[in-house]
Structures are given as structure tokens and as C-alpha cells.
>>> print(open('data_4.cif').read())   # mmCIF, C-alpha atoms and all ligand atoms
data_input
loop_
_atom_site.label_atom_id
_atom_site.label_comp_id
_atom_site.auth_asym_id
_atom_site.auth_seq_id
_atom_site.Cartn_x
_atom_site.Cartn_y
_atom_site.Cartn_z
CA MET J 1 -44.44 -43.45 41.82
CA ARG J 2 -42.24 -44.17 38.80
CA THR J 3 -44.23 -46.25 36.36
CA VAL J 4 -43.07 -48.61 33.63
CA VAL J 5 -44.83 -50.75 31.04
CA VAL J 6 -42.99 -53.99 30.20
CA THR J 7 -44.47 -56.04 27.36
CA GLY J 8 -43.87 -59.77 26.86
CA ALA J 9 -43.50 -60.77 30.52
CA GLY J 10 -44.38 -64.48 30.33
CA PRO J 11 -42.63 -67.22 32.35
CA ASP J 12 -38.81 -67.27 32.02
CA SER J 13 -38.79 -64.28 29.67
CA LEU J 14 -36.54 -61.24 29.63
CA GLY J 15 -39.68 -59.16 30.08
CA LEU J 16 -40.57 -60.90 33.34
CA ALA J 17 -37.01 -60.55 34.68
CA THR J 18 -37.07 -56.85 33.76
CA ALA J 19 -40.46 -56.40 35.43
CA VAL J 20 -39.29 -58.10 38.64
CA ALA J 21 -36.08 -56.04 38.77
CA LEU J 22 -37.97 -52.77 38.35
CA ARG J 23 -40.62 -53.77 40.89
CA ASP J 24 -37.79 -54.56 43.34
CA LEU J 25 -36.56 -51.00 42.82
CA GLY J 26 -39.97 -49.75 43.96
CA TRP J 27 -41.42 -48.95 40.54
CA ARG J 28 -45.03 -49.49 39.59
CA VAL J 29 -44.92 -52.10 36.81
CA LEU J 30 -47.62 -52.81 34.21
CA VAL J 31 -47.06 -55.89 32.07
CA SER J 32 -48.53 -57.98 29.25
CA THR J 33 -48.58 -61.41 27.71
CA ARG J 34 -50.98 -62.53 25.01
CA THR J 35 -53.28 -64.59 27.24
CA GLU J 36 -51.98 -65.65 30.66
CA PRO J 37 -52.06 -63.14 33.54
CA VAL J 38 -48.72 -62.54 35.27
CA GLU J 39 -49.01 -63.12 38.99
CA GLY J 40 -48.03 -60.17 41.17
CA PHE J 41 -48.32 -57.52 38.44
CA ALA J 42 -50.97 -55.27 36.94
CA TRP J 43 -51.63 -57.12 33.67
CA HIS J 44 -53.63 -56.79 30.49
CA PRO J 45 -53.49 -59.01 27.38
CA LEU J 46 -51.54 -57.72 24.39
CA ASP J 47 -50.95 -59.25 20.99
CA LEU J 48 -48.55 -56.95 19.18
CA ALA J 49 -49.62 -58.48 15.88
CA SER J 50 -53.20 -57.22 16.30
CA ALA J 51 -53.98 -53.52 15.89
CA ALA J 52 -57.17 -53.88 17.94
CA SER J 53 -55.25 -55.55 20.78
CA VAL J 54 -52.55 -52.86 20.72
CA ALA J 55 -55.20 -50.12 20.86
CA ALA J 56 -57.03 -51.86 23.74
CA TYR J 57 -53.75 -52.29 25.63
CA ALA J 58 -52.82 -48.62 25.19
CA ASP J 59 -56.31 -47.63 26.40
CA TRP J 60 -55.85 -49.83 29.47
CA VAL J 61 -52.46 -48.28 30.24
CA THR J 62 -53.77 -44.72 29.95
CA ALA J 63 -56.84 -45.58 32.05
CA THR J 64 -54.61 -47.21 34.70
CA THR J 65 -51.94 -44.54 35.07
CA ASP J 66 -51.48 -40.87 34.21
CA ARG J 67 -47.72 -41.26 34.68
CA LEU J 68 -45.57 -43.34 32.30
CA ASP J 69 -41.82 -43.00 32.83
CA VAL J 70 -40.61 -45.92 30.73
CA LEU J 71 -41.91 -48.29 28.07
CA VAL J 72 -39.87 -51.51 27.63
CA ASN J 73 -40.86 -53.34 24.45
CA ALA J 74 -40.35 -57.07 23.90
CA GLY J 75 -40.71 -59.14 20.76
CA ILE J 76 -40.48 -62.54 19.10
CA HIS J 77 -38.06 -64.72 17.19
CA LEU J 78 -40.04 -67.67 15.90
CA ASP J 79 -37.70 -69.53 13.53
CA LEU J 80 -34.48 -69.83 15.48
CA ARG J 81 -33.42 -72.85 13.42
CA SER J 82 -34.03 -70.95 10.18
CA THR J 83 -36.13 -73.64 8.52
CA TRP J 84 -38.91 -71.48 7.08
CA THR J 85 -38.91 -71.20 3.31
CA GLU J 86 -41.89 -68.87 3.05
CA ALA J 87 -42.89 -65.82 5.03
CA PRO J 88 -45.84 -66.39 7.39
CA LEU J 89 -48.07 -63.35 6.93
CA VAL J 90 -50.22 -61.46 9.43
CA ASP J 91 -52.39 -58.68 7.96
CA GLY J 92 -50.29 -59.09 4.81
CA HIS J 93 -47.01 -58.45 6.66
CA GLU J 94 -44.20 -60.90 7.47
CA ILE J 95 -44.81 -62.04 11.06
CA HIS J 96 -41.60 -60.68 12.67
CA TRP J 97 -42.05 -57.35 10.90
CA ARG J 98 -45.74 -57.21 11.88
CA THR J 99 -45.11 -58.12 15.52
CA ASN J 100 -41.69 -56.74 16.41
CA TYR J 101 -41.71 -53.57 14.37
CA LEU J 102 -45.23 -52.52 13.36
CA GLY J 103 -46.84 -53.71 16.61
CA THR J 104 -44.18 -52.11 18.78
CA ALA J 105 -44.14 -48.86 16.81
CA HIS J 106 -47.96 -48.75 17.01
CA LEU J 107 -47.97 -49.22 20.79
CA THR J 108 -45.16 -46.70 21.23
CA ARG J 109 -46.96 -44.06 19.15
CA LEU J 110 -50.19 -44.58 21.11
CA LEU J 111 -48.33 -44.19 24.41
CA LEU J 112 -46.21 -41.26 23.21
CA PRO J 113 -48.58 -38.59 24.65
CA SER J 114 -48.34 -40.23 28.12
CA LEU J 115 -44.56 -40.53 27.85
CA VAL J 116 -44.12 -36.92 26.71
CA THR J 117 -46.49 -35.57 29.38
CA THR J 118 -44.54 -37.50 32.02
CA ALA J 119 -41.24 -36.23 30.60
CA GLN J 120 -42.46 -32.64 30.80
CA ARG J 121 -43.68 -33.11 34.37
CA TYR J 122 -40.77 -35.14 35.77
CA ASP J 123 -37.89 -34.12 33.45
CA GLU J 124 -37.63 -37.25 31.31
CA ALA J 125 -39.21 -40.43 30.02
CA ARG J 126 -37.69 -43.35 28.11
CA VAL J 127 -38.51 -45.96 25.51
CA VAL J 128 -36.41 -49.14 25.58
CA HIS J 129 -36.75 -51.34 22.50
CA VAL J 130 -35.35 -54.83 23.12
CA VAL J 131 -33.64 -55.54 19.80
CA SER J 132 -30.84 -57.98 19.01
CA LYS J 133 -27.31 -58.07 17.68
CA LEU J 134 -29.00 -59.82 14.75
CA HIS J 135 -30.25 -56.40 13.62
CA GLU J 136 -26.95 -56.59 11.72
CA ARG J 137 -28.65 -59.12 9.39
CA GLY J 138 -31.31 -56.55 8.51
CA THR J 139 -31.10 -54.22 5.53
CA ASN J 140 -32.57 -50.81 4.87
CA GLU J 141 -33.91 -52.01 1.51
CA ALA J 142 -35.91 -54.72 3.29
CA LEU J 143 -37.52 -52.10 5.57
CA PHE J 144 -39.52 -50.97 2.56
CA ALA J 145 -39.50 -53.90 0.13
CA GLY J 146 -39.46 -56.98 2.39
CA VAL J 147 -36.98 -59.86 2.23
CA HIS J 148 -36.71 -61.59 -1.17
CA PRO J 149 -35.92 -64.46 -1.37
CA TYR J 150 -37.35 -65.02 2.10
CA ARG J 151 -34.95 -65.77 4.95
CA SER J 152 -36.46 -65.56 8.41
CA TRP J 153 -33.26 -64.38 10.12
CA VAL J 154 -32.98 -61.47 7.71
CA ALA J 155 -36.66 -60.68 8.30
CA TYR J 156 -36.13 -60.88 12.08
CA GLY J 157 -32.98 -58.75 11.79
CA THR J 158 -34.79 -56.21 9.65
CA SER J 159 -37.56 -55.87 12.25
CA LYS J 160 -34.88 -55.17 14.87
CA LEU J 161 -32.95 -52.76 12.60
CA ALA J 162 -36.24 -50.83 12.23
CA LEU J 163 -36.48 -50.61 16.02
CA VAL J 164 -32.89 -49.33 16.25
CA HIS J 165 -33.90 -46.59 13.78
CA ASP J 166 -37.06 -45.95 15.82
CA ALA J 167 -35.13 -45.48 19.07
CA VAL J 168 -32.93 -42.87 17.36
CA SER J 169 -35.97 -41.16 15.80
CA LEU J 170 -37.71 -40.93 19.18
CA THR J 171 -34.70 -39.10 20.64
CA GLU J 172 -34.27 -36.92 17.54
CA ARG J 173 -37.93 -35.93 17.37
CA HIS J 174 -38.91 -35.83 21.05
CA GLY J 175 -35.59 -35.42 22.89
CA GLY J 176 -36.35 -31.70 23.31
CA GLU J 177 -39.41 -32.72 25.32
CA GLY J 178 -37.32 -35.02 27.53
CA LEU J 179 -37.84 -38.37 25.76
CA ARG J 180 -34.86 -40.73 25.31
CA GLY J 181 -34.85 -43.74 23.00
CA TYR J 182 -32.75 -46.85 23.67
CA ALA J 183 -32.23 -50.03 21.64
CA VAL J 184 -30.88 -52.97 23.65
CA HIS J 185 -29.17 -56.25 22.74
CA PRO J 186 -29.57 -58.32 25.91
CA GLY J 187 -26.88 -60.92 25.13
CA ALA J 188 -27.55 -64.63 24.53
CA VAL J 189 -30.10 -65.52 27.19
CA PHE J 190 -31.71 -68.77 28.34
CA THR J 191 -35.41 -68.06 27.75
CA LYS J 192 -38.25 -69.80 25.93
CA VAL J 193 -37.18 -68.14 22.71
CA ALA J 194 -35.17 -71.24 21.72
CA ASP J 195 -38.27 -73.45 22.11
CA ARG J 196 -40.14 -71.58 19.39
CA GLY J 197 -40.54 -73.74 16.30
CA LEU J 198 -39.99 -76.99 18.22
CA GLU J 199 -43.71 -77.52 18.82
CA THR J 200 -44.00 -79.46 15.55
CA SER J 201 -40.70 -81.36 15.87
CA PRO J 202 -40.73 -83.94 18.69
CA VAL J 203 -37.18 -85.10 17.86
CA LEU J 204 -35.63 -81.63 18.02
CA GLY J 205 -37.74 -80.89 21.10
CA ARG J 206 -36.31 -83.98 22.85
CA LEU J 207 -32.76 -83.07 21.79
CA ARG J 208 -33.18 -79.58 23.18
CA ARG J 209 -34.46 -80.95 26.49
CA LEU J 210 -31.37 -83.21 26.70
CA GLY J 211 -29.00 -80.33 25.94
CA ARG J 212 -30.76 -77.92 28.27
CA PRO J 213 -28.37 -78.20 31.26
CA LEU J 214 -25.37 -77.37 29.02
CA GLU J 215 -27.26 -74.59 27.25
CA ARG J 216 -28.28 -73.12 30.59
CA ARG J 217 -24.61 -73.02 31.67
CA MET J 218 -23.49 -71.32 28.46
CA LEU J 219 -26.18 -68.63 28.30
CA LEU J 220 -27.09 -65.72 30.52
CA THR J 221 -29.98 -66.12 32.93
CA PRO J 222 -33.04 -63.94 32.20
CA GLU J 223 -32.05 -61.84 35.22
CA GLN J 224 -28.56 -61.26 33.79
CA GLY J 225 -30.01 -60.60 30.33
CA ALA J 226 -32.46 -58.06 31.74
CA ARG J 227 -29.65 -55.94 33.21
CA THR J 228 -29.11 -53.93 30.02
CA SER J 229 -32.81 -53.02 29.77
CA VAL J 230 -32.91 -52.18 33.46
CA ARG J 231 -29.82 -49.98 33.11
CA CYS J 232 -31.35 -48.15 30.14
CA ALA J 233 -34.63 -47.75 32.03
CA THR J 234 -33.13 -46.43 35.24
CA GLU J 235 -29.57 -45.06 35.12
CA PRO J 236 -29.68 -41.30 35.63
CA ALA J 237 -28.43 -39.22 32.66
CA LEU J 238 -27.60 -42.31 30.58
CA ALA J 239 -27.06 -41.21 26.98
CA PRO J 240 -29.72 -42.56 24.62
CA GLY J 241 -28.65 -44.98 21.88
CA TYR J 242 -27.69 -48.60 21.30
CA TYR J 243 -26.52 -50.79 24.20
CA SER J 244 -25.22 -54.33 23.89
CA ASP J 245 -24.53 -56.72 26.77
CA GLY J 246 -24.68 -53.89 29.29
CA THR J 247 -22.56 -51.25 27.56
CA ALA J 248 -22.93 -48.54 24.94
CA ALA J 249 -22.08 -49.92 21.51
CA SER J 250 -22.23 -49.10 17.81
CA PRO J 251 -25.14 -50.56 15.87
CA SER J 252 -24.67 -51.81 12.31
CA PRO J 253 -23.68 -49.27 9.63
CA ALA J 254 -27.20 -49.60 8.17
CA ALA J 255 -28.55 -48.00 11.34
CA GLY J 256 -26.67 -44.81 10.45
CA ASP J 257 -28.73 -44.22 7.28
CA ALA J 258 -30.64 -41.03 8.15
CA ALA J 259 -32.68 -41.05 4.93
CA ALA J 260 -33.94 -44.57 5.64
CA ARG J 261 -34.74 -43.55 9.21
CA THR J 262 -36.79 -40.54 8.08
CA ARG J 263 -38.64 -42.56 5.44
CA LEU J 264 -39.37 -45.30 7.99
CA TRP J 265 -40.75 -42.79 10.50
CA ASP J 266 -42.98 -41.15 7.88
CA GLU J 267 -44.29 -44.43 6.45
CA THR J 268 -44.92 -45.76 9.97
CA THR J 269 -46.85 -42.60 10.85
CA ASP J 270 -49.09 -43.21 7.82
CA TRP J 271 -49.50 -46.89 8.72
CA VAL J 272 -50.40 -46.12 12.34
CA ALA J 273 -52.94 -43.51 11.19
CA GLY J 274 -54.56 -46.21 9.03
CA GLN J 275 -55.04 -48.47 12.08
CA ARG J 276 -57.58 -46.14 13.73
CA PRO J 277 -60.88 -47.96 14.17
CA THR J 278 -63.62 -46.45 12.05
CA ALA J 279 -66.77 -45.40 13.95
N1 LIG J 301 -33.19 -64.68 24.50
C1 LIG J 301 -32.19 -64.19 23.79
O1 LIG J 301 -31.06 -64.72 23.78
C2 LIG J 301 -32.38 -62.93 23.00
C3 LIG J 301 -31.27 -62.39 22.32
C4 LIG J 301 -31.45 -61.23 21.57
C5 LIG J 301 -32.68 -60.62 21.54
N2 LIG J 301 -33.73 -61.16 22.21
C6 LIG J 301 -35.03 -60.45 22.12
O2 LIG J 301 -35.55 -60.23 23.42
C7 LIG J 301 -36.97 -60.17 23.34
C8 LIG J 301 -37.57 -61.03 24.43
O3 LIG J 301 -37.18 -62.34 24.16
P1 LIG J 301 -37.20 -63.51 25.22
O4 LIG J 301 -35.91 -64.22 25.05
O5 LIG J 301 -37.62 -63.05 26.55
O6 LIG J 301 -38.31 -64.43 24.54
P2 LIG J 301 -39.53 -65.23 25.14
O7 LIG J 301 -39.13 -65.98 26.36
O8 LIG J 301 -40.07 -65.97 23.96
O9 LIG J 301 -40.53 -64.08 25.57
C9 LIG J 301 -41.29 -63.38 24.64
C10 LIG J 301 -42.48 -62.77 25.37
O10 LIG J 301 -43.29 -62.09 24.41
C11 LIG J 301 -44.64 -62.56 24.51
N3 LIG J 301 -45.20 -62.60 23.16
C12 LIG J 301 -45.07 -63.57 22.23
N4 LIG J 301 -45.73 -63.24 21.11
C13 LIG J 301 -46.28 -62.03 21.34
C14 LIG J 301 -47.10 -61.15 20.58
N5 LIG J 301 -47.52 -61.46 19.34
N6 LIG J 301 -47.51 -59.99 21.13
C15 LIG J 301 -47.14 -59.67 22.38
N7 LIG J 301 -46.37 -60.45 23.16
C16 LIG J 301 -45.95 -61.62 22.65
C17 LIG J 301 -44.54 -63.92 25.16
O11 LIG J 301 -45.65 -64.21 25.97
P3 LIG J 301 -46.89 -65.05 25.45
O12 LIG J 301 -46.35 -66.10 24.51
O13 LIG J 301 -47.51 -65.60 26.68
O14 LIG J 301 -47.74 -64.02 24.78
C18 LIG J 301 -43.33 -63.79 26.06
O15 LIG J 301 -43.69 -63.27 27.31
C19 LIG J 301 -37.35 -60.60 21.93
O16 LIG J 301 -37.60 -59.45 21.16
C20 LIG J 301 -36.10 -61.28 21.42
O17 LIG J 301 -36.01 -61.18 20.04
C21 LIG J 301 -33.62 -62.29 22.94
#
>>> encode(input="data_4.cif", output="C-alpha cells", more="lines below")
Ligand SMILES: NC(=O)c1ccc[n+]([C@@H]2O[C@H](COP(=O)([O-])OP(=O)(O)OC[C@H]3O[C@@H](n4cnc5c(N)ncnc54)[C@H](OP(=O)(O)O)[C@@H]3O)[C@@H](O)[C@H]2O)c1
Amino acid sequence: MRTVVVTGAGPDSLGLATAVALRDLGWRVLVSTRTEPVEGFAWHPLDLASAASVAAYADWVTATTDRLDVLVNAGIHLDLRSTWTEAPLVDGHEIHWRTNYLGTAHLTRLLLPSLVTTAQRYDEARVVHVVSKLHERGTNEALFAGVHPYRSWVAYGTSKLALVHDAVSLTERHGGEGLRGYAVHPGAVFTKVADRGLETSPVLGRLRRLGRPLERRMLLTPEQGARTSVRCATEPALAPGYYSDGTAASPSPAAGDAAARTRLWDETTDWVAGQRPTA
């Protein structure tokens, strides 16, 4: 049975809508959230910002299935209102970079052997990174030097630019073995992402609740937003690359920098190697 891992499948999320759509197509779907099980799915906790959690999740996936056709990676955007003046750090890394890029790249590298084995056995396997049009805010300089002065949208965009590079690298480096890399902008979607950062602001939280009906009408539903990921996960012979709002698109010019892409791949390989638990 075709098998997919979808991370970040909490209530109302793009991940959950993607998981439901793929399950409806008859796929076996493995999911994650950080703490709460997802009813109706094989689930294991995953915190992308923790190397130990990523390793435990990858172990669970490989113990659960010897076939992995597709990995759909989610992520976070924590400062939608752009109010942060300093970078919150996790393990010494800016939180979007640590979670969206390093965590996702770590998980993808750990699951690469399963993906490549599946590709060799069944002709192909795919990685779908859920990115954002805001990858356009990211810069190649910031991939290696961070964002100075700190602006959370640039940091978020840089984490997504890195994933656009990663999707291309996966195809370049493993396409011969049948692996295809996709980077997906889902559109503007009504999920919990816009609630992030409101926990500490009762006034803004109340305003958002009041504006919710209008917002809901203006944005895509999670099911509509998930369509691009589902297309990239399932459509036969779909060319790998960047897809926005359902169709193939051009990413930002920065994503075309092959030297940055190679350096990012090499530095990430070193970083992932350093995450191995010592005996
Ligand atoms: N919504 C949009 O309009 C939009 C537009 C462009 C791009 N995107 C991108 O689409 C992706 C999914 O966003 P969404 O809108 O579905 O957001 P969401 O509703 O906030 O969902 C994010 C999911 O990730 C999980 N998660 C949060 N922190 C995590 C961590 N450290 N490690 C692992 N999982 C974690 C959350 O579950 P728990 O909190 O339970 O762990 C939740 O299930 C994100 O990468 C976002 O940047 C969204």
C-alpha cells in the first residue's frame, strides 16, 4: 500500500487536510504533532526543533513501515504580526531556521534510505516541502550568516528558501534513484497559523476572533490549501520543482543560486552528522 508521512497534522492544519485527502485516496498515512495524538491515523510525537525527537520519529517510521512513497513536511510561522525584535533561539539557532529548515532537513535525511529504497522498488518516491511565497523574503547570505538586524519574516522566509534549495538538491542528487523533490506554496489558508503570537495579547486575540468570519471567507480552507501538496504527492509523472497555488511556478531568483545550494547541502550534511547521539 502506498505510504506517506505527513508532519504537523494538528486540528485545522494543512497537514491534517493533506493526511485526510491521502487517506481518502487509499494511502497508508503516518502523521505527527508535538503532543496530541491525531484520531484515525498512525501517530507519533515529533518536535522538529529537537534532534532527539526527530531521531525517535524517524526510528518509529522505519519500524512501522518498510515502504515510504512520500514525505510531506510541515512547519511553523510564529510571528505573523512581525513584532519580535530579537531572535528566539533553540540550540543556538533562530527558531524558524531550527524548526522549518534544520528539523525538516534532519528528518528528511534520516528517512532518505527508506525513500530511496521505495523509489528503487516501486519506480519513484517524493519529498514535498511545504514552503511559502514568503521564501522571496529570504536571502542566500542569511542561510549562512543569519538575519542581522533581526526581522522574523526574513528569518521565516530564509528557512523556506533553504527548503526550496533542498527540494532541488534532492532531485539533483537522488533523481537518478527515482526521488523527486517538490516545494509547495499552499496559498493563503485559514489555519491556526494566524493565532500564533496572540497567546500573550488578549486584545489582538479578541479582534481576531471578531474578524474570523470575514477572514474565513477571504482565505482558502485547509482542504483547498492542501490540494497543491496532494497534487505534488500523487500526480503521475509530475515534474519536480516549485508549485504555488496548485500550479508550477518560478521561485525567487535567490533559489537559482547553485553555489548557495551546494554549500547549504554540504553544511547541512555536516550538521546532521553532528546530531548523532553518542553511545
Ligand atoms: N496557512 C497559510 O496561509 C500558509 C501559507 C504559506 C505557507 N504555510 C506553511 O504551511 C505549513 C503548515 O502551516 P499551517 O497553516 O497548517 O499551520 P498550523 O495550523 O499552525 O499547523 C502547523 C502544524 O505543525 C505542528 N507543529 C508546530 N510546531 C511544531 C514543531 N516544532 N515540530 C513539529 N511540528 C510542529 C502543529 O501541531 P502542534 O502544535 O500540535 O505540534 C501543527 O499541526 C507551515 O510551514 C506554514 O509556514 C502556511
>>> residues_near_point(input="data_4.cif", point="(-47.1, -47.9, 8.8)", cutoff="10 Å", atoms="all atoms listed in the file", output="PyMOL selection string")
chain J and resi 98+101-103+105-106+264-275
>>> write_last_selection(input="data_4.cif", atoms="C-alpha atoms", output="short mmCIF file (atom, residue, chain, number, x, y, z; two decimals), in the coordinates of the input")
data_model
loop_
_atom_site.label_atom_id
_atom_site.label_comp_id
_atom_site.auth_asym_id
_atom_site.auth_seq_id
_atom_site.Cartn_x
_atom_site.Cartn_y
_atom_site.Cartn_z
CA ARG J 98 -45.74 -57.21 11.88
CA TYR J 101 -41.71 -53.57 14.37
CA LEU J 102 -45.23 -52.52 13.36
CA GLY J 103 -46.84 -53.71 16.61
CA ALA J 105 -44.14 -48.86 16.81
CA HIS J 106 -47.96 -48.75 17.01
CA LEU J 264 -39.37 -45.30 7.99
CA TRP J 265 -40.75 -42.79 10.50
CA ASP J 266 -42.98 -41.15 7.88
CA GLU J 267 -44.29 -44.43 6.45
CA THR J 268 -44.92 -45.76 9.97
CA THR J 269 -46.85 -42.60 10.85
CA ASP J 270 -49.09 -43.21 7.82
CA TRP J 271 -49.50 -46.89 8.72
CA VAL J 272 -50.40 -46.12 12.34
CA ALA J 273 -52.94 -43.51 11.19
CA GLY J 274 -54.56 -46.21 9.03
CA GLN J 275 -55.04 -48.47 12.08
#
>>> residues_near_ligand(input="data_4.cif", ligand="ligand LIG 301 (chain J)", cutoff="7 Å", atoms="all atoms listed in the file", output="ChimeraX atom specification")
/J:7-15,32-36,46-49,74-77,99-100,130-133,185-193
>>> closest_atom_pairs(input="data_4.cif", of="segment 43-86 of chain J", to="segment 168-183 of chain J", cutoff="12 Å", atoms="all atoms listed in the file", output="tab-separated table")
residue	atom	partner	partner_atom	distance
J:Leu68	CA	J:Leu179	CA	11.3
J:Asp69	CA	J:Leu179	CA	9.3
J:Val70	CA	J:Arg180	CA	9.5
J:Leu71	CA	J:Gly181	CA	9.8
J:Val72	CA	J:Tyr182	CA	9.4
J:Asn73	CA	J:Ala183	CA	9.7
J:Ala74	CA	J:Ala183	CA	11.0
>>> closest_residue(input="data_4.cif", among="J:Trp60, J:Trp27, J:Phe41, J:Tyr156", to="Leu78 of chain J", atoms="only C-alpha atoms")
J:Tyr156
>>> closest_residue(input="data_4.cif", among="J:Arg216, J:His96, J:Arg2, J:Arg126", to="Ala237 of chain J", atoms="all atoms listed in the file")
J:Arg126
>>> closest_residue(input="data_4.cif", among="J:Gly205, J:Pro45, J:Gly157, J:Pro113", to="Ala125 of chain J", atoms="all atoms listed in the file")
J:Pro113
>>> atom_distance(input="data_4.cif", atom1="atom CA of Ser201 of chain J", atom2="atom CA of Thr85 of chain J")
16.3 Å
>>> atom_distance(input="data_4.cif", atom1="atom CA of Leu22 of chain J", atom2="atom CA of Val127 of chain J")
14.5 Å
>>> axis_aligned_box(input="data_4.cif", around="segment 9-25 of chain J", padding_each_side="6 Å", output="lines of an AutoDock Vina configuration file")
center_x = -40.2
center_y = -59.1
center_z = 36.5
size_x = 20.3
size_y = 28.3
size_z = 25.7
>>> atom_distance(input="data_4.cif", atom1="atom CA of Thr108 of chain J", atom2="atom CA of Ala194 of chain J")
26.5 Å
>>> residues_near_point(input="data_4.cif", point="(-55.8, -50.2, 23.5)", cutoff="12 Å", atoms="all atoms listed in the file", output="PyMOL selection string")
chain J and resi 44-48+50-64+103+106-111+275-277
>>> closest_residue(input="data_4.cif", among="J:Gly225, J:Glu215, J:His165, J:Leu207", to="Tyr242 of chain J", atoms="all atoms listed in the file")
J:His165
>>> closest_residue(input="data_4.cif", among="J:Arg227, J:His93, J:His135, J:Arg121", to="Ala255 of chain J", atoms="all atoms listed in the file")
J:His135
>>> closest_residue(input="data_4.cif", among="J:His129, J:Glu124, J:Asp91, J:Ala145", to="Ser229 of chain J", atoms="only C-alpha atoms")
J:His129
>>> build_atoms(input="data_4.cif", residues="segment 71-88 of chain J", atoms="N, CA and C atoms", output="PDB file, in the frame of the given file")
ATOM      1  N   LEU J  71     -41.269 -47.191  28.795  1.00  0.00           N
ATOM      2  CA  LEU J  71     -41.910 -48.290  28.070  1.00  0.00           C
ATOM      3  C   LEU J  71     -40.800 -49.228  27.607  1.00  0.00           C
ATOM      4  N   VAL J  72     -40.858 -50.492  28.060  1.00  0.00           N
ATOM      5  CA  VAL J  72     -39.870 -51.510  27.630  1.00  0.00           C
ATOM      6  C   VAL J  72     -40.587 -52.487  26.714  1.00  0.00           C
ATOM      7  N   ASN J  73     -40.159 -52.543  25.461  1.00  0.00           N
ATOM      8  CA  ASN J  73     -40.860 -53.340  24.450  1.00  0.00           C
ATOM      9  C   ASN J  73     -40.146 -54.656  24.178  1.00  0.00           C
ATOM     10  N   ALA J  74     -40.917 -55.753  24.212  1.00  0.00           N
ATOM     11  CA  ALA J  74     -40.350 -57.070  23.900  1.00  0.00           C
ATOM     12  C   ALA J  74     -40.611 -57.438  22.448  1.00  0.00           C
ATOM     13  N   GLY J  75     -40.464 -58.709  22.124  1.00  0.00           N
ATOM     14  CA  GLY J  75     -40.710 -59.140  20.760  1.00  0.00           C
ATOM     15  C   GLY J  75     -40.547 -60.643  20.623  1.00  0.00           C
ATOM     16  N   ILE J  76     -40.506 -61.099  19.371  1.00  0.00           N
ATOM     17  CA  ILE J  76     -40.480 -62.540  19.100  1.00  0.00           C
ATOM     18  C   ILE J  76     -39.352 -62.891  18.133  1.00  0.00           C
ATOM     19  N   HIS J  77     -38.910 -64.140  18.227  1.00  0.00           N
ATOM     20  CA  HIS J  77     -38.060 -64.720  17.190  1.00  0.00           C
ATOM     21  C   HIS J  77     -38.534 -66.160  17.037  1.00  0.00           C
ATOM     22  N   LEU J  78     -39.271 -66.420  15.967  1.00  0.00           N
ATOM     23  CA  LEU J  78     -40.040 -67.670  15.900  1.00  0.00           C
ATOM     24  C   LEU J  78     -39.326 -68.794  15.159  1.00  0.00           C
ATOM     25  N   ASP J  79     -38.317 -68.489  14.369  1.00  0.00           N
ATOM     26  CA  ASP J  79     -37.700 -69.530  13.530  1.00  0.00           C
ATOM     27  C   ASP J  79     -36.196 -69.558  13.802  1.00  0.00           C
ATOM     28  N   LEU J  80     -35.882 -69.887  15.068  1.00  0.00           N
ATOM     29  CA  LEU J  80     -34.480 -69.830  15.480  1.00  0.00           C
ATOM     30  C   LEU J  80     -33.610 -70.774  14.661  1.00  0.00           C
ATOM     31  N   ARG J  81     -34.194 -71.878  14.203  1.00  0.00           N
ATOM     32  CA  ARG J  81     -33.420 -72.850  13.420  1.00  0.00           C
ATOM     33  C   ARG J  81     -33.419 -72.541  11.928  1.00  0.00           C
ATOM     34  N   SER J  82     -34.043 -71.431  11.564  1.00  0.00           N
ATOM     35  CA  SER J  82     -34.030 -70.950  10.180  1.00  0.00           C
ATOM     36  C   SER J  82     -34.461 -72.025   9.182  1.00  0.00           C
ATOM     37  N   THR J  83     -35.631 -72.594   9.411  1.00  0.00           N
ATOM     38  CA  THR J  83     -36.130 -73.640   8.520  1.00  0.00           C
ATOM     39  C   THR J  83     -37.248 -73.146   7.598  1.00  0.00           C
ATOM     40  N   TRP J  84     -37.786 -71.955   7.885  1.00  0.00           N
ATOM     41  CA  TRP J  84     -38.910 -71.480   7.080  1.00  0.00           C
ATOM     42  C   TRP J  84     -38.449 -71.143   5.670  1.00  0.00           C
ATOM     43  N   THR J  85     -39.246 -71.546   4.708  1.00  0.00           N
ATOM     44  CA  THR J  85     -38.910 -71.200   3.310  1.00  0.00           C
ATOM     45  C   THR J  85     -39.849 -70.131   2.768  1.00  0.00           C
ATOM     46  N   GLU J  86     -40.962 -69.918   3.479  1.00  0.00           N
ATOM     47  CA  GLU J  86     -41.890 -68.870   3.050  1.00  0.00           C
ATOM     48  C   GLU J  86     -42.259 -68.000   4.239  1.00  0.00           C
ATOM     49  N   ALA J  87     -42.552 -66.750   3.958  1.00  0.00           N
ATOM     50  CA  ALA J  87     -42.890 -65.820   5.030  1.00  0.00           C
ATOM     51  C   ALA J  87     -44.302 -66.062   5.533  1.00  0.00           C
ATOM     52  N   PRO J  88     -44.481 -66.376   6.839  1.00  0.00           N
ATOM     53  CA  PRO J  88     -45.840 -66.390   7.390  1.00  0.00           C
ATOM     54  C   PRO J  88     -46.339 -64.947   7.467  1.00  0.00           C
TER      55      PRO J  88
END
